[in-house]
Amino acid sequence: MKKFVYIYIIALLFLASCDPSDNNEEELITDVEYTLSNSKGEIVIMKFSDKDGDGGQNPVITVQGKLSFGATYTGILKLSNESVVPGEDISAEVKEEDEDHQIFYISNPSMKIEYKDFDSNGKPLGLNTEITPLQKGSHTLKVILRHVPDKNASGVSDGKIDNAGGETDVEVSFVLEVI
Amino acid sequence: MKSILVILFLLFELDIIFCQKCDIQTQITVIDPHDNEPLELAEIYVEELNLLQRTNGEGICILDNLCRKEYHLIVYHAFCDPKRIFLELQNDTSITIFMEHHNHDLEEVKVTDSKNIKSSQTQSSIKESTILDNAGTTLGNLLTTISGVSAIKNGNSISKPIIHGLSGNRIGIYNNGVLQAGQQWGIDHAPEMSALSFEKISVIKGTEAISYGGNVQGALVLLEPSAIANDPHLHGIALANYESNGRQWMQHTRIEKAHSRFRWRLNGGIKIGGDRKSPSYYLTNTGNREYNASAYLTRNEQSRSDKFYCSYYNAKLGILRGSHIGNLTDLQHALKRSEPFFTLDNFNYDIQNPYQSVHHVLTKYTWNKEAKNHYLEFNTSAQLNHRLEYDVRRSIRKNQASLSLFIQSYNVEFKDKFSYKKYRFHVGAQSKYNYNYNLPGTGIYPLIPDYGSFTQGVFMQSVLEHGKIKYDIGLRSDYVSHKVKYYSRQNSSTLIERDLCFLNFSGSVGFSSELNKQNLLKLNVGYVQRSPEINELFSNGLHQSVAGLEEGNENLNTETSLKAILSHQVNFMERISLESNLYYNYFRNYIFLQAADEYRLTIRGAFPVFNYKQTNAEIYGADLTGRYEINKNWSSNFIGSFIIANDKVNNLPLVNVPSHNLSTSLQYNISKLKNIRNWISEIGFQYNSKNRVQLSQDFVEVPDEYFLINCKTKFDCRFLGQSANVLIYANNIMNTRYRDYLNRLRYYSDADGINAGIQLKFSF
């Protein structure tokens, strides 16, 4: 019987010496950067950054610049994980699996928003866009990345999110001024 | 020389054959252990002779002219499970056979022997035949055949028991006497074991189960193998089952044999199912794969026995594709839909992400010794539990688990049962070490940190019988220490270490009294302290099953509870048996997850934050189990549970507590029809009331009450010279659309529709 007790104690010593596993969040998206530029070289940059992921410190949201009414902007969305060094470019992953992703842009009041990139089925992706403000004033722009949406559902290819389904990987809002 | 030997040998053999006198008389008495009354008209079948005889009014049957050899008998009686007996005859023999006649999931009352110190505990058992009849379902669902027990589910193949409103960390599930080590905190983490490996499953509802230990609030589920019969021939069962819903196949085989020095038993089973179906659509990705095997080896000597047990369980369980959501908006969208996202039009056996995969290994060695007035027991066990959860992820990470938790658990215990004067005692000491490790490579910050927990417990129980009254008292103390290590979320290179320790005390007093032959009364009052568990103290992150950010609270205090159970059993005229349990359970510092007012902004939108809080709570209710034998053919069963659970501080119902439920069945029994025996046909009605939880406590209004009809028929027959049992059943025969409050998939889909099953069982 003593033998069992010894085995038990030895097991304890062995086990107690383990250290926690690593803590790198690989898939995490920490940074969303949406850059709008027009033909005059005017640039608006919207940034959402939450380096420590869900919980912990609050995210930092910044908007640099204002949109001009009457101009059309080319939009480029960049997604990255900056919690690891070096940072990971998540937009490249999204592009690689373009059929399984779609980015939706919802503005209130509305703007003209067009998709400029498409997956192999000819359905929109949304890393590249073109937007044109339709009125002056303050706008709330919501950027949503859906994983595995149903792109064939009604309205989804036109950028309407209601029937898209799938899981939300990104949902951030920015307040934009149109002057 | 050789030939002479052969001839001698032949002569010797012939001598045996010719001299064998077949003049042995065997008297068999069949008794109902419930009231020690003889059972008339029990049938005794002698396999070797193909002979059938009945017992007379005294429960006696005499078999004449038997030879000096081995016989296998099967004893049948209406309403009883057939019993197999092995005899090795040398002389005239007289044997007594106990046939459990009344015990339809009612309590075991009279099973007392010197090794048993069953006090006033309120215990309900599930018979082996009920376990086998529910082969197609899960352990969690099987346990709901006991009043006061419900199952909390994540689809039909992931279910865990909830007893008197308590589940998860608060109840203990004992796999052959060893507290199952797993991630008990998750409501989507089902116990990692197959019910079919066990012959007896019991639920102890009170706090008096002091000798079992574990940081639990009293209610226990005990799964035990039965003793291996002393029969030198290979025996066993082979069972095959098919269910229409999920097109699930399952097979289970058990074989056992006794040798002169040891006995063994092997169990093995497979279950393979695909997408289940609600009344109007497939529940895409709800398939299951389960594999289990166990080996049990026992050795009995005069006063000593050794038992070695090991088991392996592996399951891959699909999770409804449409229930995987990214944020609250997704949940709101899902709630509005008439059928879940990603619902496919066709049936599939494939299991895609999201799914969970669990492995569980248990080994146990038991040593028993009977010495003068003492019955000693030493147990040592080791468990490995690996839980992997796969989410819907991008690129190559699809094949990478999002959660990979590995638990090692080691137990050593020493117990002694002894008597001193009029008192019987049970004392013991138990040590347990659990080590929980997040295996690297998930790429996700772990919800539960790495930790090691050491528990040292000592207990004492004592029973005194005074006339018709039995008094009992129990005391227990546990020292619990946790060593927790995790990396800071803010700075991933900062290692945080925490050491916590708790000292818990529990105690119970009770009495039981057989007022007369018809009435048995029991009362038990128990006080239990449960120290907070790791998930309550340290969880940190997004928890899919609460659709929110879960934050542990390091400052939680020990939760204490006081529970009283009054249990009354009564039998009228041999035909009506009724058992009622009334209980009241008060909690101080009841630990629960509360949604905070704040929403935390993340890159996926705003999430509700859930914090572990403490409150004072009460849970009270009544369980009823009844049986009425109307006449020789007709009988009726009834099970009901009424439960009220309140948060006394916030004046709200507690969440994740079952609603009131009632089920009743009508049985028609034909004890013999040509070659068919024990033909039982049954129609059952099941009602669940609407839960008391309010809209403010959930994302959506709780589901409505529902009513289901189930039916089944089963009989024993002889097929290819073996005893066979055929079972045909259908659950939810009206194909009723419903959602159950305790099923997390209620947010996304209807519960299962009609499910018909057929099962064949051979006993050999």
# chains A, B, ... in the order shown; residues from 1 in each chain; ligands from 1
>>> residues_around(residues="Leu335 in chain B", least_positions_apart="5", cutoff="12 Å", atoms="only C-alpha atoms", output="number ranges by chain")
A: 165; B: 322-323, 325, 328-330, 340-341, 699-701, 745-750
>>> residues_around(residues="range 124-137 of chain A", least_positions_apart="6", cutoff="9 Å", atoms="only C-alpha atoms", output="PyMOL selection string")
chain A and resi 36+67-78+91+94-95+98-105+109-118+145+151+156-159+176-179
>>> select_by_dssp(residues="range 275-364 of chain B", states="strand (DSSP E or B)", output="ChimeraX atom specification")
/B:276-277,282-283,288-300,304-318,355-364
>>> write_last_selection(atoms="C-alpha atoms", output="PDB file, in the first residue's frame")
ATOM      1  CA  ARG B 276     -30.973  14.976 -35.920  1.00  0.00           C
ATOM      2  CA  LYS B 277     -34.244  16.381 -37.071  1.00  0.00           C
ATOM      3  CA  TYR B 282     -32.718  18.895 -40.092  1.00  0.00           C
ATOM      4  CA  LEU B 283     -30.547  20.112 -37.258  1.00  0.00           C
ATOM      5  CA  ASN B 288     -22.288  12.121 -32.803  1.00  0.00           C
ATOM      6  CA  ARG B 289     -19.595   9.454 -32.545  1.00  0.00           C
ATOM      7  CA  GLU B 290     -19.023   7.675 -29.304  1.00  0.00           C
ATOM      8  CA  TYR B 291     -16.638   4.846 -28.491  1.00  0.00           C
ATOM      9  CA  ASN B 292     -16.192   3.279 -25.118  1.00  0.00           C
ATOM     10  CA  ALA B 293     -14.466   0.300 -23.616  1.00  0.00           C
ATOM     11  CA  SER B 294     -13.899  -0.901 -20.097  1.00  0.00           C
ATOM     12  CA  ALA B 295     -12.296  -3.813 -18.327  1.00  0.00           C
ATOM     13  CA  TYR B 296     -13.058  -5.009 -14.831  1.00  0.00           C
ATOM     14  CA  LEU B 297     -11.006  -7.603 -13.046  1.00  0.00           C
ATOM     15  CA  THR B 298     -11.784  -8.892  -9.591  1.00  0.00           C
ATOM     16  CA  ARG B 299     -10.124 -11.368  -7.330  1.00  0.00           C
ATOM     17  CA  ASN B 300     -11.794 -12.670  -4.224  1.00  0.00           C
ATOM     18  CA  ARG B 304      -9.756 -10.008   0.892  1.00  0.00           C
ATOM     19  CA  SER B 305     -10.627  -8.789  -2.553  1.00  0.00           C
ATOM     20  CA  ASP B 306      -8.845  -6.835  -5.241  1.00  0.00           C
ATOM     21  CA  LYS B 307     -10.585  -5.011  -8.023  1.00  0.00           C
ATOM     22  CA  PHE B 308      -9.013  -3.422 -11.007  1.00  0.00           C
ATOM     23  CA  TYR B 309     -11.020  -1.274 -13.349  1.00  0.00           C
ATOM     24  CA  CYS B 310     -10.109   0.770 -16.369  1.00  0.00           C
ATOM     25  CA  SER B 311     -12.205   2.519 -18.931  1.00  0.00           C
ATOM     26  CA  TYR B 312     -11.819   4.632 -22.010  1.00  0.00           C
ATOM     27  CA  TYR B 313     -14.365   6.950 -23.511  1.00  0.00           C
ATOM     28  CA  ASN B 314     -14.110   9.029 -26.638  1.00  0.00           C
ATOM     29  CA  ALA B 315     -16.774  11.169 -28.208  1.00  0.00           C
ATOM     30  CA  LYS B 316     -16.957  13.551 -31.097  1.00  0.00           C
ATOM     31  CA  LEU B 317     -20.108  15.611 -30.822  1.00  0.00           C
ATOM     32  CA  GLY B 318     -21.327  18.000 -33.485  1.00  0.00           C
ATOM     33  CA  TYR B 355     -17.759  20.308 -32.683  1.00  0.00           C
ATOM     34  CA  GLN B 356     -16.239  19.034 -29.488  1.00  0.00           C
ATOM     35  CA  SER B 357     -14.104  16.008 -28.921  1.00  0.00           C
ATOM     36  CA  VAL B 358     -13.407  14.437 -25.563  1.00  0.00           C
ATOM     37  CA  HIS B 359     -11.208  11.615 -24.370  1.00  0.00           C
ATOM     38  CA  HIS B 360     -11.419  10.186 -20.912  1.00  0.00           C
ATOM     39  CA  VAL B 361      -9.306   7.459 -19.362  1.00  0.00           C
ATOM     40  CA  LEU B 362      -9.878   6.121 -15.893  1.00  0.00           C
ATOM     41  CA  THR B 363      -7.984   3.455 -14.018  1.00  0.00           C
ATOM     42  CA  LYS B 364      -8.810   2.348 -10.541  1.00  0.00           C
TER      43      LYS B 364
END
>>> interface_residues(of="chain B", to="chain A", cutoff="8 Å", atoms="only C-alpha atoms", output="ChimeraX atom specification")
/B:324-327,330,333,341,380,394-395,410,412,433,435,437-441,443-446,449-450,452,485-487,489-490,492,541-542,549,600-605
>>> write_last_selection(atoms="C-alpha atoms", output="PDB file, in the first residue's frame")
ATOM      1  CA  HIS B 324     -22.335  29.349 -33.663  1.00  0.00           C
ATOM      2  CA  ILE B 325     -22.505  33.090 -33.434  1.00  0.00           C
ATOM      3  CA  GLY B 326     -20.005  35.937 -33.462  1.00  0.00           C
ATOM      4  CA  ASN B 327     -21.781  38.564 -31.401  1.00  0.00           C
ATOM      5  CA  ASP B 330     -25.925  37.527 -34.685  1.00  0.00           C
ATOM      6  CA  HIS B 333     -30.785  37.582 -35.979  1.00  0.00           C
ATOM      7  CA  PHE B 341     -28.867  29.570 -40.432  1.00  0.00           C
ATOM      8  CA  THR B 380      -6.333   4.590  -5.832  1.00  0.00           C
ATOM      9  CA  ARG B 394     -10.314  31.070 -40.785  1.00  0.00           C
ATOM     10  CA  SER B 395      -7.725  29.392 -43.022  1.00  0.00           C
ATOM     11  CA  TYR B 410      -5.198  11.401  -8.973  1.00  0.00           C
ATOM     12  CA  VAL B 412      -6.045   8.043  -3.022  1.00  0.00           C
ATOM     13  CA  TYR B 433      -4.814  16.152  -6.878  1.00  0.00           C
ATOM     14  CA  TYR B 435      -3.892  19.362 -12.622  1.00  0.00           C
ATOM     15  CA  TYR B 437      -3.403  22.420 -18.314  1.00  0.00           C
ATOM     16  CA  ASN B 438      -4.279  24.438 -21.411  1.00  0.00           C
ATOM     17  CA  LEU B 439      -2.409  22.658 -24.175  1.00  0.00           C
ATOM     18  CA  PRO B 440      -0.519  25.168 -26.301  1.00  0.00           C
ATOM     19  CA  GLY B 441      -1.403  25.860 -29.892  1.00  0.00           C
ATOM     20  CA  GLY B 443      -4.106  30.573 -30.531  1.00  0.00           C
ATOM     21  CA  ILE B 444      -6.747  31.752 -28.140  1.00  0.00           C
ATOM     22  CA  TYR B 445      -6.380  33.238 -24.688  1.00  0.00           C
ATOM     23  CA  PRO B 446      -7.652  30.492 -22.367  1.00  0.00           C
ATOM     24  CA  PRO B 449      -6.207  29.306 -16.392  1.00  0.00           C
ATOM     25  CA  ASP B 450      -3.785  26.495 -15.694  1.00  0.00           C
ATOM     26  CA  GLY B 452      -3.215  22.546  -9.715  1.00  0.00           C
ATOM     27  CA  LYS B 485      -0.840  30.379 -13.070  1.00  0.00           C
ATOM     28  CA  TYR B 486      -1.746  32.525 -16.025  1.00  0.00           C
ATOM     29  CA  TYR B 487      -0.354  35.245 -18.237  1.00  0.00           C
ATOM     30  CA  ARG B 489      -4.050  39.783 -20.651  1.00  0.00           C
ATOM     31  CA  GLN B 490      -2.554  43.255 -20.676  1.00  0.00           C
ATOM     32  CA  SER B 492       1.446  38.638 -22.243  1.00  0.00           C
ATOM     33  CA  GLY B 541     -12.782  35.838 -21.721  1.00  0.00           C
ATOM     34  CA  LEU B 542     -15.496  35.184 -24.212  1.00  0.00           C
ATOM     35  CA  LEU B 549     -17.634  37.937 -21.623  1.00  0.00           C
ATOM     36  CA  ARG B 600     -18.056  45.955 -23.282  1.00  0.00           C
ATOM     37  CA  LEU B 601     -16.963  47.162 -26.672  1.00  0.00           C
ATOM     38  CA  THR B 602     -14.880  44.680 -28.600  1.00  0.00           C
ATOM     39  CA  ILE B 603     -13.879  44.499 -32.215  1.00  0.00           C
ATOM     40  CA  ARG B 604     -16.916  42.268 -32.771  1.00  0.00           C
ATOM     41  CA  GLY B 605     -19.294  44.779 -31.320  1.00  0.00           C
TER      42      GLY B 605
END
>>> residues_around(residues="Gln400 in chain B", least_positions_apart="3", cutoff="8 Å", atoms="only C-alpha atoms", output="PyMOL selection string")
chain B and resi 390+396-397+441-442
>>> write_last_selection(atoms="N, CA and C atoms", output="CSV table (one decimal), in the first residue's frame")
chain,number,residue,atom,x,y,z
B,390,TYR,N,-13.7,22.7,-31.2
B,390,TYR,CA,-13.3,23.3,-32.5
B,390,TYR,C,-14.4,24.3,-33.0
B,396,ILE,N,-6.1,27.8,-42.1
B,396,ILE,CA,-5.7,26.5,-41.6
B,396,ILE,C,-6.1,26.3,-40.2
B,397,ARG,N,-6.6,27.3,-39.5
B,397,ARG,CA,-7.0,27.1,-38.1
B,397,ARG,C,-8.2,26.3,-37.9
B,441,GLY,N,-1.1,26.0,-28.5
B,441,GLY,CA,-1.4,25.9,-29.9
B,441,GLY,C,-2.8,26.2,-30.3
B,442,THR,N,-3.6,26.7,-29.3
B,442,THR,CA,-5.0,27.0,-29.7
B,442,THR,C,-5.0,28.4,-30.4
>>> atom_distance(atom1="CA of Glu389 in chain B", atom2="CA of Ser80 in chain A")
24.6 Å
>>> select_by_dssp(residues="range 11-150 of chain A", states="helix (DSSP H, G or I)", output="count of residues only")
16
